[in-house]
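A.B. asks: Handing over data_4.txt, compact mmCIF, C-alpha atoms.
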# COMPACT_ATOMS: atom_id res chain seq x y z
CA MET A 23 0.00 0.00 0.00
CA LYS A 24 1.25 3.46 -0.89
CA SER A 25 1.40 6.35 1.54
CA SER A 26 0.92 10.00 0.53
CA CYS A 27 -0.17 11.33 -2.87
CA VAL A 28 0.75 14.95 -3.57
CA VAL A 29 -1.35 16.69 -6.25
CA ILE A 30 -0.19 19.92 -7.91
CA SER A 31 -2.22 21.95 -10.41
CA THR A 32 0.16 24.22 -12.32
CA PHE A 33 -0.47 27.29 -14.44
CA LYS A 34 2.58 28.70 -16.23
CA PRO A 35 4.81 27.93 -13.22
CA ASN A 36 7.84 29.98 -12.32
CA GLU A 37 10.62 27.42 -12.71
CA CYS A 38 12.64 28.68 -9.74
CA PHE A 39 9.66 28.65 -7.37
CA TYR A 40 8.41 25.32 -8.69
CA LEU A 41 11.75 23.56 -8.24
CA LYS A 42 11.96 24.85 -4.66
CA GLN A 43 8.53 23.39 -4.01
CA LEU A 44 9.53 20.02 -5.50
CA LYS A 45 12.72 19.98 -3.45
CA SER A 46 10.76 20.59 -0.26
CA ILE A 47 8.41 17.69 -1.09
CA ARG A 48 11.39 15.41 -1.70
CA SER A 49 12.90 16.47 1.63
CA GLN A 50 9.97 15.30 3.78
CA ASN A 51 10.90 13.44 6.98
CA LYS A 52 10.18 9.68 7.03
CA ILE A 53 7.39 9.92 4.44
CA VAL A 54 7.26 8.26 1.04
CA SER A 55 5.09 10.17 -1.41
CA SER A 56 4.20 10.27 -5.11
CA VAL A 57 3.69 13.54 -6.96
CA TYR A 58 1.05 14.03 -9.67
CA VAL A 59 0.85 17.23 -11.72
CA ARG A 60 -1.85 18.63 -14.00
CA ASP A 61 -1.06 21.69 -16.13
CA ASP A 62 -4.07 24.01 -16.48
CA SER A 63 -2.58 26.52 -18.91
CA CYS A 64 -4.07 24.96 -22.10
CA GLU A 65 -0.60 25.07 -23.60
CA ASN A 66 0.42 21.46 -22.88
CA VAL A 67 3.49 22.82 -21.17
CA ALA A 68 5.85 20.09 -20.00
CA VAL A 69 6.28 20.65 -16.28
CA THR A 70 9.95 21.35 -15.74
CA ASP A 71 11.81 18.95 -13.48
CA ASP A 72 15.41 18.58 -12.37
CA CYS A 73 16.65 15.00 -12.07
CA SER A 74 19.42 16.09 -9.71
CA LEU A 75 16.85 16.90 -7.05
CA GLY A 76 16.10 13.21 -6.62
CA GLU A 77 12.85 11.29 -6.21
CA PRO A 78 9.92 11.27 -6.45
CA ARG A 79 9.73 12.47 -10.04
CA PRO A 80 6.40 14.17 -10.88
CA VAL A 81 3.88 12.16 -12.90
CA SER A 82 2.09 14.30 -15.47
CA ILE A 83 -1.69 13.82 -15.75
CA LYS A 84 -2.95 14.42 -19.29
CA ASP A 85 -6.59 15.08 -20.23
CA ASN A 86 -8.66 17.03 -22.77
CA PHE A 87 -10.47 19.33 -20.34
CA GLY A 88 -8.42 22.43 -21.15
CA ASN A 89 -8.32 25.37 -18.76
CA LEU A 90 -10.61 24.54 -15.82
CA GLY A 91 -9.45 27.15 -13.30
CA PRO A 92 -7.74 26.19 -10.03
CA ALA A 93 -10.80 24.78 -8.22
CA LYS A 94 -11.94 22.35 -10.91
CA SER A 95 -8.37 21.54 -11.93
CA PHE A 96 -7.47 20.39 -8.42
CA LEU A 97 -10.69 18.40 -8.06
CA GLU A 98 -10.21 16.76 -11.46
CA LEU A 99 -6.64 15.91 -10.52
CA LEU A 100 -7.82 14.41 -7.22
CA ARG A 101 -10.19 12.22 -9.24
CA ALA A 102 -7.53 11.17 -11.77
CA VAL A 103 -4.84 9.90 -9.40
CA PRO A 104 -4.74 6.29 -8.11
CA ASP A 105 -7.14 5.41 -5.32
CA ASP A 106 -4.82 3.22 -3.24
CA PHE A 107 -3.00 5.94 -1.31
CA ASP A 108 -3.60 6.47 2.40
CA TYR A 109 -3.44 10.29 2.20
CA TYR A 110 -3.90 12.97 -0.47
CA ALA A 111 -2.20 16.37 -0.16
CA PHE A 112 -3.02 19.49 -2.20
CA CYS A 113 0.08 21.45 -3.16
CA ASP A 114 0.57 24.84 -4.84
CA GLN A 115 3.26 25.32 -7.48
CA ASP A 116 5.33 28.01 -5.78
CA ASP A 117 5.33 27.45 -1.99
CA ILE A 118 7.81 25.65 0.25
CA TRP A 119 6.87 22.82 2.61
CA GLU A 120 8.52 22.44 5.99
CA SER A 121 10.33 19.10 6.28
CA ASP A 122 7.79 17.69 8.77
CA LYS A 123 4.64 18.79 6.90
CA LEU A 124 3.52 15.33 5.77
CA GLU A 125 4.84 13.69 8.93
CA CYS A 126 2.60 15.92 11.08
CA ALA A 127 -0.39 15.39 8.80
CA GLU A 128 -0.08 11.62 8.75
CA ALA A 129 0.39 11.46 12.53
CA ALA A 130 -2.78 13.49 13.03
CA LEU A 131 -4.84 11.47 10.52
CA ARG A 132 -3.61 8.02 11.50
CA ASP A 133 -6.20 5.73 13.13
CA ILE A 134 -9.12 7.95 12.05
CA ASN A 135 -11.64 5.84 10.13
CA GLN A 136 -14.15 8.54 9.27
CA PRO A 137 -13.52 11.23 6.60
CA ALA A 138 -10.86 13.57 7.96
CA LEU A 139 -9.14 16.72 6.74
CA PHE A 140 -5.87 18.15 8.08
CA ALA A 141 -4.61 21.69 7.52
CA SER A 142 -2.09 23.96 9.19
CA ARG A 143 -1.13 27.55 9.74
CA LEU A 144 1.00 29.23 7.06
CA THR A 145 4.19 31.25 7.17
CA LEU A 146 3.86 34.03 4.58
CA ILE A 147 6.95 34.70 2.44
CA ASP A 148 7.75 37.09 -0.39
CA GLU A 149 9.35 36.42 -3.78
CA ASN A 150 12.78 36.26 -2.12
CA ASP A 151 11.69 33.72 0.54
CA LYS A 152 11.70 36.41 3.24
CA ILE A 153 9.16 35.86 6.02
CA ILE A 154 6.54 38.62 6.03
CA GLY A 155 3.96 37.25 8.45
CA HIS A 156 1.73 34.33 9.41
CA SER A 157 -1.83 33.36 8.62
CA LYS A 158 -4.52 33.83 11.23
CA ILE A 159 -5.30 30.86 13.48
CA PRO A 160 -8.98 29.90 13.00
CA LYS A 161 -11.25 29.32 15.98
CA LEU A 162 -14.53 28.39 14.27
CA LEU A 163 -13.97 25.01 12.65
CA SER A 164 -17.53 23.95 11.95
CA PHE A 165 -20.15 23.33 9.27
CA GLU A 166 -21.72 26.70 10.10
CA ASN A 167 -18.42 28.44 9.41
CA ALA A 168 -17.69 26.36 6.29
CA LEU A 169 -20.92 27.60 4.66
CA VAL A 170 -19.66 31.19 4.64
CA GLU A 171 -15.87 31.09 4.96
CA ASN A 172 -12.86 28.94 4.17
CA THR A 173 -10.39 28.83 7.05
CA MET A 174 -8.61 25.70 5.81
CA PRO A 175 -5.76 26.71 3.42
CA GLY A 176 -5.66 24.31 0.49
CA CYS A 177 -1.88 24.42 0.14
CA SER A 178 -1.58 22.85 3.61
CA MET A 179 -4.56 20.49 3.24
CA VAL A 180 -4.21 16.70 3.52
CA LEU A 181 -7.17 14.30 3.17
CA ASN A 182 -7.43 10.73 4.32
CA ARG A 183 -8.75 8.16 1.87
CA ALA A 184 -12.28 8.25 3.30
CA ALA A 185 -12.44 12.03 2.79
CA ARG A 186 -11.28 11.72 -0.83
CA GLU A 187 -13.91 9.07 -1.54
CA LEU A 188 -16.63 11.26 -0.04
CA ILE A 189 -15.52 14.34 -1.99
CA LEU A 190 -15.43 12.40 -5.28
CA LYS A 191 -19.10 11.45 -4.93
CA SER A 192 -19.76 14.92 -6.33
CA LYS A 193 -18.71 16.74 -9.48
CA PRO A 194 -19.75 20.35 -8.79
CA ASP A 195 -20.06 23.15 -11.33
CA HIS A 196 -20.10 26.06 -8.88
CA VAL A 197 -17.61 26.11 -6.03
CA ALA A 198 -15.61 28.95 -4.54
CA MET A 199 -12.36 26.95 -4.46
CA HIS A 200 -11.40 23.30 -4.14
CA ASP A 201 -10.29 23.78 -0.53
CA SER A 202 -13.50 25.49 0.58
CA TRP A 203 -15.51 22.68 -1.07
CA CYS A 204 -13.50 20.01 0.75
CA TYR A 205 -13.79 21.89 4.05
CA LEU A 206 -17.57 22.15 3.66
CA ILE A 207 -18.00 18.45 2.89
CA VAL A 208 -15.73 17.08 5.61
CA SER A 209 -17.07 19.51 8.24
CA ALA A 210 -20.53 18.08 7.56
CA PHE A 211 -19.65 14.39 7.75
CA GLY A 212 -16.21 13.95 9.31
CA LYS A 213 -13.38 15.40 11.35
CA ILE A 214 -11.47 18.66 10.84
CA ILE A 215 -7.93 18.88 12.27
CA TYR A 216 -5.98 22.14 12.37
CA ASP A 217 -2.33 22.33 13.39
CA GLN A 218 -1.31 25.74 14.76
CA LYS A 219 2.30 25.04 13.79
CA PRO A 220 3.12 26.64 10.41
CA LEU A 221 3.97 23.79 8.04
CA VAL A 222 3.93 25.61 4.69
CA ARG A 223 5.76 28.74 3.58
CA TYR A 224 3.08 30.37 1.43
CA ARG A 225 4.51 32.66 -1.24
CA GLN A 226 2.91 36.06 -1.81
CA HIS A 227 3.47 37.55 -5.27
CA GLY A 228 1.64 39.10 -8.18
CA ASN A 229 0.74 35.81 -9.87
CA ASN A 230 -1.06 34.12 -6.98
CA ALA A 231 -4.42 32.66 -7.98
CA ILE A 232 -5.56 33.47 -4.44
CA GLY A 233 -3.42 35.61 -2.16
CA MET A 234 -3.55 36.02 1.61
CA ALA A 235 -3.30 39.30 3.44
CA SER A 236 -1.44 39.41 6.74
CA GLY A 237 -3.13 41.05 9.72
CA ASN A 238 -6.46 42.82 10.17
CA ILE A 239 -5.42 45.94 8.26
CA GLY A 240 -4.16 43.87 5.34
CA ARG A 241 -7.37 41.88 5.18
CA LEU A 242 -9.47 45.07 5.38
CA LYS A 243 -7.50 46.69 2.55
CA ARG A 244 -7.94 43.59 0.41
CA ARG A 245 -11.72 43.51 0.84
CA ILE A 246 -12.08 47.25 0.16
CA ALA A 247 -9.95 46.90 -2.98
CA ARG A 248 -12.16 44.07 -4.27
CA ILE A 249 -15.31 46.10 -3.65
CA ILE A 250 -13.80 49.12 -5.43
CA LYS A 251 -12.96 46.88 -8.41
CA GLY A 252 -16.62 45.95 -8.62
CA GLU A 253 -16.24 42.37 -7.40
CA ARG A 254 -19.68 42.35 -5.76
CA LYS A 255 -19.96 38.57 -6.08
CA PHE A 256 -16.72 37.81 -4.25
CA PHE A 257 -18.71 35.85 -1.66
CA VAL A 258 -20.28 32.85 -3.40
CA GLY A 259 -21.61 30.99 -0.39
CA MET A 260 -25.09 30.42 -1.82
CA SER A 261 -24.04 28.82 -5.12
CA GLN A 262 -21.70 26.48 -3.28
CA ALA A 263 -24.37 25.67 -0.69
CA LEU A 264 -26.82 24.76 -3.47
CA GLU A 265 -24.25 22.45 -5.04
CA PHE A 266 -23.65 20.87 -1.66
CA GLU A 267 -27.38 20.36 -1.10
CA LYS A 268 -27.71 18.68 -4.51
CA TYR A 269 -25.03 16.08 -3.80
CA TYR A 270 -25.11 15.65 -0.02
CA GLY A 271 -28.29 17.19 1.37
CA LEU A 272 -30.17 13.93 1.85
CA ASN A 273 -27.35 12.44 3.94
CA LEU A 274 -27.03 15.27 6.47
CA SER A 275 -27.90 14.91 10.13
CA PRO A 276 -31.19 16.65 11.08
CA GLU A 277 -29.26 19.46 12.82
CA LYS A 278 -26.99 20.23 9.85
CA ALA A 279 -29.86 19.79 7.38
CA LYS A 280 -31.76 22.51 9.24
CA ILE A 281 -28.75 24.84 9.19
CA LEU A 282 -28.38 24.35 5.43
CA THR A 283 -32.11 24.74 4.68
CA VAL A 284 -32.43 27.94 6.70
CA PHE A 285 -29.36 29.37 4.97
CA ILE A 286 -30.69 28.58 1.48
CA ASN A 287 -34.23 29.78 2.23
CA SER A 288 -32.94 33.06 3.66
CA LYS A 289 -32.59 34.52 0.16
CA LYS A 290 -36.28 34.27 -0.78
CA SER A 291 -37.13 37.88 0.03
CA PHE A 292 -35.72 41.08 1.50
CA TRP A 293 -37.47 40.40 4.80
CA SER A 294 -36.13 36.87 5.03
CA ARG A 295 -32.62 38.16 4.30
CA LEU A 296 -33.01 40.87 6.94
CA ALA A 297 -34.25 38.40 9.53
CA TYR A 298 -31.42 35.99 8.72
CA ALA A 299 -28.79 38.72 8.96
CA PHE A 300 -29.72 39.37 12.58
CA SER A 301 -30.35 35.79 13.66
CA ALA A 302 -27.95 33.70 11.60
CA LYS A 303 -26.02 30.97 13.32
CA VAL A 304 -23.40 30.95 10.58
CA GLN A 305 -20.45 33.22 11.21
CA ARG A 306 -17.03 34.19 9.99
CA GLU A 307 -13.85 34.47 12.04
CA SER A 308 -13.37 38.22 12.50
CA PHE A 309 -15.71 40.89 13.88
CA PHE A 310 -15.37 42.96 10.70
CA ASP A 311 -16.05 39.97 8.46
CA ASN A 312 -19.19 39.18 10.41
CA ILE A 313 -20.48 42.72 9.93
CA LEU A 314 -19.68 42.54 6.20
CA LEU A 315 -21.37 39.15 6.00
CA ARG A 316 -24.59 40.50 7.47
CA VAL A 317 -24.52 43.46 5.05
CA LEU A 318 -24.14 41.00 2.17
CA PHE A 319 -27.09 38.99 3.51
CA ILE A 320 -29.31 42.10 3.52
CA LEU A 321 -28.19 43.10 0.02
CA GLY A 322 -28.67 39.57 -1.29
CA GLU A 323 -25.02 39.41 -2.44
CA TYR A 324 -24.36 35.81 -1.47
Go through the file and emit its structure as structure tokens.

C.D. replies:
Amino acid sequence: MKSSCVVISTFKPNECFYLKQLKSIRSQNKIVSSVYVRDDSCENVAVTDDCSLGEPRPVSIKDNFGNLGPAKSFLELLRAVPDDFDYYAFCDQDDIWESDKLECAEAALRDINQPALFASRLTLIDENDKIIGHSKIPKLLSFENALVENTMPGCSMVLNRAARELILKSKPDHVAMHDSWCYLIVSAFGKIIYDQKPLVRYRQHGNNAIGMASGNIGRLKRRIARIIKGERKFFVGMSQALEFEKYYGLNLSPEKAKILTVFINSKKSFWSRLAYAFSAKVQRESFFDNILLRVLFILGEY
């Protein structure tokens, strides 16, 4: 039986950053892993590799889907890889893993029979590998939180086999990102594990598909900038919730089914949105985000 499967969706990767990421995967403590890569650039670019860095060599996954975007590309890659691994780790193309990243994940997931998802805090670095901050430690790891926020960073995420099997029972068209989709599913039916130790150095640069601001001021500036740019639909909780209901709604516990139904029905009218904004059980991590969330509820922008 194999151990960990690392899946990387690339898009015109920076060779220097990418090779550093591969080297960090190959330098994992005590863990044997296989690396599978899908290029999403529609250019059939051969993913650059350096034999001198050692094993494992990346296995390229070829298909005819073209450019899917990061969410669908990662989910399609998760579906395409062999199903006999114990653990499945999402990996970005330009970060750096700490040497005990997979060791910590496997230790936390070992002996758990139900679907389980592991993620960790991030160390934020710039283009020159300089540390510029750390990600916020989440406190609300729950289905209610997963409906309206993703606090599980995909680049640190590791799934056990049961979680992968559960996630692959769906093939969604509308999800915010692959990591938020996985967090939502596993929070509803399994176990969420968060390690406060930073296990991934997450690179911040102009080509990030999704960046991460450091600190409250940084996060506030980011949200204001997106609103100014006209990104009114930057919170897509409702479309993802509807996809989740379609695939998993009938299997929810009565408590979680009620939470989901109330959330979906809240958008029927202005008065239902207003009532939900002031009584909602769902919540985001920060005080400011919760205020913004309630404003979005009232405006119907969710």

A.B. asks: So, with all atoms listed in the file as the atoms that count, which of A:Ile215, A:Ile320, A:Val170, A:Val29 lies closest to A:Ser142?

C.D. replies: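 For A:Ser142, the nearest of the given residues is A:Ile215.
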
A.B. asks: Skip A:Gln305 itself and residues of its chain fewer than 2 positions away, then list as a PyMOL selection string all residues within 12 Å of it, counting all atoms listed in the file.

C.D. replies: chain A and resi 161-173+259+281+285+298-303+307-316+319

A.B. asks: Can you pull out every residue within 8 Å of A:Ile207, counting only C-alpha atoms, but drop anything in the same chain fewer than 4 positions away, and send it as a CSV table (one decimal) with C-alpha atoms, in the coordinates of the input?

C.D. replies:
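Saved the output as result-v3.csv:
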chain,number,residue,atom,x,y,z
A,188,LEU,CA,-16.6,11.3,0.0
A,189,ILE,CA,-15.5,14.3,-2.0
A,203,TRP,CA,-15.5,22.7,-1.1
A,211,PHE,CA,-19.6,14.4,7.8
A,266,PHE,CA,-23.6,20.9,-1.7

A.B. asks: Every residue with an atom at most 10 Å from (-9.2, 19.9, -21.8) (file coordinates; all atoms listed in the file) is what I'm after, so could you write them as a PyMOL selection string?

C.D. replies: chain A and resi 62-64+66+84-90

A.B. asks: Please provide as a ChimeraX atom specification all residues within 7 Å of A:Ser55, with the sequence filter that same-chain residues fewer than 2 positions apart are discarded (counting all atoms listed in the file).

C.D. replies: /A:25-28,53,57

A.B. asks: Residues around (-13.8, 22.2, -12.5), cut-off 10 Å, counting all atoms listed in the file - what are they as a PDB file with C-alpha atoms, keeping the file's coordinate frame?

C.D. replies:
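Result written to part13.pdb:
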ATOM      1  CA  PHE A  87     -10.470  19.330 -20.340  1.00  0.00           C
ATOM      2  CA  ASN A  89      -8.320  25.370 -18.760  1.00  0.00           C
ATOM      3  CA  LEU A  90     -10.610  24.540 -15.820  1.00  0.00           C
ATOM      4  CA  GLY A  91      -9.450  27.150 -13.300  1.00  0.00           C
ATOM      5  CA  PRO A  92      -7.740  26.190 -10.030  1.00  0.00           C
ATOM      6  CA  ALA A  93     -10.800  24.780  -8.220  1.00  0.00           C
ATOM      7  CA  LYS A  94     -11.940  22.350 -10.910  1.00  0.00           C
ATOM      8  CA  SER A  95      -8.370  21.540 -11.930  1.00  0.00           C
ATOM      9  CA  PHE A  96      -7.470  20.390  -8.420  1.00  0.00           C
ATOM     10  CA  LEU A  97     -10.690  18.400  -8.060  1.00  0.00           C
ATOM     11  CA  GLU A  98     -10.210  16.760 -11.460  1.00  0.00           C
ATOM     12  CA  LEU A  99      -6.640  15.910 -10.520  1.00  0.00           C
ATOM     13  CA  LYS A 193     -18.710  16.740  -9.480  1.00  0.00           C
ATOM     14  CA  PRO A 194     -19.750  20.350  -8.790  1.00  0.00           C
ATOM     15  CA  ASP A 195     -20.060  23.150 -11.330  1.00  0.00           C
ATOM     16  CA  HIS A 196     -20.100  26.060  -8.880  1.00  0.00           C
ATOM     17  CA  VAL A 197     -17.610  26.110  -6.030  1.00  0.00           C
ATOM     18  CA  MET A 199     -12.360  26.950  -4.460  1.00  0.00           C
ATOM     19  CA  HIS A 200     -11.400  23.300  -4.140  1.00  0.00           C
TER      20      HIS A 200
END

A.B. asks: Choose the residue, out of A:Asp151, A:Asp105, A:Asp201, A:Glu120, that has the smallest atom-to-atom separation from A:Ala184; count all atoms listed in the file.

C.D. replies: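 Checking each candidate against A:Ala184, we get A:Asp105 as the closest.
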
A.B. asks: For A:Met174, find every residue with an atom within 10 Å (counting only C-alpha atoms), except residues of its own chain fewer than 6 positions away, and show them as a list of chain:residue names.

C.D. replies: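 Counting only C-alpha atoms, the residues come to A:Leu139, A:Phe140, A:Ala141, A:Ser142, A:Arg143, A:Ile159, A:Pro160, A:Leu163, A:Ala168, A:Asp201, A:Ser202, A:Cys204, A:Tyr205, A:Leu206, A:Ile214, A:Ile215, A:Tyr216.
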
A.B. asks: Let me make sure I understand: among A:Ser46, A:Thr145, A:Gln218, A:Ser192, which one has the smallest atom-to-atom distance to A:Gly271 if we use only C-alpha atoms?

C.D. replies: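 Result for the nearest residue to A:Gly271: A:Ser192.
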
A.B. asks: So how many Å separate atom CA of A:Asp108 and atom CA of A:Arg183, to one decimal?

C.D. replies: 5.4 Å
